Amino acid sequence: MIICSRCKGNGYVKVRFEAEQAIEQCKVCHSQGEINEDKYYHQTWTEGAEDSIAIYYGPPLDPESFKNYTISGE
Ligand SMILES: [Zn+2]
């Protein structure tokens, strides 16, 4: 298991909706704070001088290695 990069291991994320802030359970790790290296997840990052968006569906990547990395669920 590795730390979920969406919620940073907390199991929830703070979301801002207009002026209000709310707590939302993390959909990526199902509030576990960890994700499974054997599962496939939707991930994106940006690359190149144009910051073009790369989309990837597969086992979780190392967030440190990618610019603007996001993970958005199974
Ligand atoms: Zn999470």
# chains A, B, ... in the order shown; residues from 1 in each chain; ligands from 1
call {"tool": "residues_near_ligand", "arguments": {"ligand": "ligand 1", "cutoff": "10 Å", "atoms": "only C-alpha atoms and all ligand atoms", "output": "PyMOL selection string"}}
result
chain A and resi 3-13+25-35+71-73
call {"tool": "select_by_dssp", "arguments": {"residues": "chain A", "states": "strand (DSSP E)", "output": "ChimeraX atom specification"}}
result
/A:2-3,12-17,20-25,34-35,41-47,52-58,67-71
call {"tool": "write_last_selection", "arguments": {"atoms": "N, CA, C and O atoms", "output": "CSV table (one decimal), in the first residue's frame"}}
result
chain,number,residue,atom,x,y,z
A,2,ILE,N,0.4,2.3,-0.7
A,2,ILE,CA,1.1,3.6,-0.7
A,2,ILE,C,0.2,4.7,-0.2
A,2,ILE,O,-1.1,4.5,-0.4
A,3,ILE,N,0.7,5.8,0.3
A,3,ILE,CA,-0.1,6.9,0.7
A,3,ILE,C,-0.9,7.5,-0.4
A,3,ILE,O,-0.3,7.7,-1.5
A,12,TYR,N,-9.7,12.1,3.8
A,12,TYR,CA,-10.7,13.1,3.4
A,12,TYR,C,-10.0,14.2,2.7
A,12,TYR,O,-8.8,14.4,2.9
A,13,VAL,N,-10.7,15.0,2.0
A,13,VAL,CA,-10.2,16.2,1.4
A,13,VAL,C,-11.1,17.4,1.7
A,13,VAL,O,-12.3,17.3,1.9
A,14,LYS,N,-10.5,18.6,1.8
A,14,LYS,CA,-11.2,19.8,2.0
A,14,LYS,C,-11.6,20.3,0.7
A,14,LYS,O,-10.7,20.5,-0.2
A,15,VAL,N,-12.8,20.6,0.5
A,15,VAL,CA,-13.3,21.1,-0.8
A,15,VAL,C,-13.9,22.5,-0.6
A,15,VAL,O,-14.6,22.7,0.5
A,16,ARG,N,-13.6,23.4,-1.5
A,16,ARG,CA,-14.2,24.7,-1.4
A,16,ARG,C,-15.3,24.9,-2.4
A,16,ARG,O,-15.1,24.6,-3.5
A,17,PHE,N,-16.5,25.2,-1.9
A,17,PHE,CA,-17.6,25.4,-2.8
A,17,PHE,C,-18.2,26.8,-2.5
A,17,PHE,O,-18.7,27.1,-1.5
A,20,GLU,N,-18.1,28.5,1.0
A,20,GLU,CA,-18.0,27.5,2.1
A,20,GLU,C,-17.0,26.4,1.8
A,20,GLU,O,-16.6,26.1,0.7
A,21,GLN,N,-16.5,25.9,3.0
A,21,GLN,CA,-15.5,24.9,2.9
A,21,GLN,C,-16.1,23.6,3.5
A,21,GLN,O,-16.8,23.7,4.5
A,22,ALA,N,-15.9,22.5,2.9
A,22,ALA,CA,-16.5,21.3,3.4
A,22,ALA,C,-15.5,20.2,3.4
A,22,ALA,O,-14.5,20.3,2.7
A,23,ILE,N,-15.8,19.2,4.1
A,23,ILE,CA,-14.9,18.0,4.2
A,23,ILE,C,-15.6,16.9,3.3
A,23,ILE,O,-16.8,16.7,3.5
A,24,GLU,N,-14.9,16.3,2.5
A,24,GLU,CA,-15.4,15.3,1.6
A,24,GLU,C,-14.6,14.0,1.8
A,24,GLU,O,-13.4,14.1,1.9
A,25,GLN,N,-15.2,12.9,1.9
A,25,GLN,CA,-14.5,11.6,2.0
A,25,GLN,C,-13.7,11.4,0.7
A,25,GLN,O,-14.2,11.8,-0.4
A,34,GLU,N,-4.7,5.2,2.1
A,34,GLU,CA,-3.7,4.4,1.3
A,34,GLU,C,-4.4,3.8,0.1
A,34,GLU,O,-5.6,3.5,0.1
A,35,ILE,N,-3.5,3.7,-0.9
A,35,ILE,CA,-4.1,3.0,-2.1
A,35,ILE,C,-3.2,1.8,-2.5
A,35,ILE,O,-2.1,1.7,-2.1
A,41,TYR,N,-5.8,3.3,-11.5
A,41,TYR,CA,-6.4,4.6,-11.1
A,41,TYR,C,-6.3,5.6,-12.3
A,41,TYR,O,-5.3,5.5,-13.1
A,42,HIS,N,-7.2,6.5,-12.4
A,42,HIS,CA,-7.1,7.6,-13.4
A,42,HIS,C,-6.2,8.6,-12.9
A,42,HIS,O,-6.4,9.1,-11.7
A,43,GLN,N,-5.2,9.0,-13.6
A,43,GLN,CA,-4.2,10.0,-13.2
A,43,GLN,C,-3.9,10.9,-14.3
A,43,GLN,O,-3.9,10.6,-15.5
A,44,THR,N,-3.5,12.2,-13.9
A,44,THR,CA,-3.1,13.1,-14.9
A,44,THR,C,-1.9,13.9,-14.4
A,44,THR,O,-1.7,14.0,-13.2
A,45,TRP,N,-1.2,14.5,-15.3
A,45,TRP,CA,-0.1,15.5,-15.0
A,45,TRP,C,0.1,16.3,-16.2
A,45,TRP,O,-0.5,16.1,-17.2
A,46,THR,N,1.0,17.3,-16.0
A,46,THR,CA,1.3,18.2,-17.2
A,46,THR,C,2.8,18.0,-17.5
A,46,THR,O,3.6,17.7,-16.6
A,47,GLU,N,3.1,18.2,-18.8
A,47,GLU,CA,4.4,18.1,-19.2
A,47,GLU,C,4.8,19.0,-20.4
A,47,GLU,O,3.9,19.4,-21.1
A,52,SER,N,1.1,20.5,-21.5
A,52,SER,CA,0.0,19.7,-22.1
A,52,SER,C,-0.3,18.6,-21.1
A,52,SER,O,0.6,18.1,-20.3
A,53,ILE,N,-1.5,18.3,-21.0
A,53,ILE,CA,-2.0,17.3,-20.0
A,53,ILE,C,-1.8,15.9,-20.5
A,53,ILE,O,-2.2,15.5,-21.6
A,54,ALA,N,-1.2,15.1,-19.7
A,54,ALA,CA,-1.0,13.7,-19.9
A,54,ALA,C,-2.1,12.9,-19.1
A,54,ALA,O,-2.3,13.3,-17.9
A,55,ILE,N,-2.7,12.0,-19.7
A,55,ILE,CA,-3.7,11.2,-19.0
A,55,ILE,C,-3.2,9.7,-19.0
A,55,ILE,O,-2.8,9.2,-20.0
A,56,TYR,N,-3.4,9.1,-17.8
A,56,TYR,CA,-2.9,7.8,-17.7
A,56,TYR,C,-3.8,7.0,-16.8
A,56,TYR,O,-4.4,7.5,-15.8
A,57,TYR,N,-4.1,5.8,-17.2
A,57,TYR,CA,-4.9,4.9,-16.4
A,57,TYR,C,-4.1,3.6,-16.1
A,57,TYR,O,-3.7,2.9,-17.0
A,58,GLY,N,-3.7,3.4,-14.9
A,58,GLY,CA,-2.8,2.3,-14.5
A,58,GLY,C,-2.5,2.3,-13.1
A,58,GLY,O,-3.1,3.1,-12.3
A,67,LYS,N,4.7,16.7,-12.7
A,67,LYS,CA,4.3,18.1,-12.5
A,67,LYS,C,2.7,18.1,-12.4
A,67,LYS,O,2.1,17.6,-13.3
A,68,ASN,N,2.2,18.8,-11.4
A,68,ASN,CA,0.7,19.0,-11.3
A,68,ASN,C,0.0,17.6,-11.3
A,68,ASN,O,-1.1,17.5,-11.9
A,69,TYR,N,0.6,16.7,-10.7
A,69,TYR,CA,0.0,15.3,-10.6
A,69,TYR,C,-1.3,15.3,-9.9
A,69,TYR,O,-1.4,15.9,-8.8
A,70,THR,N,-2.3,14.6,-10.5
A,70,THR,CA,-3.5,14.4,-9.7
A,70,THR,C,-3.9,12.9,-9.9
A,70,THR,O,-3.7,12.3,-11.0
A,71,ILE,N,-4.6,12.4,-9.0
A,71,ILE,CA,-5.2,11.1,-9.1
A,71,ILE,C,-6.7,11.2,-8.8
A,71,ILE,O,-7.1,12.0,-7.9
call {"tool": "atom_distance", "arguments": {"atom1": "atom CA of A:Asn36", "atom2": "atom CA of A:Asp62"}}
result
12.9 Å
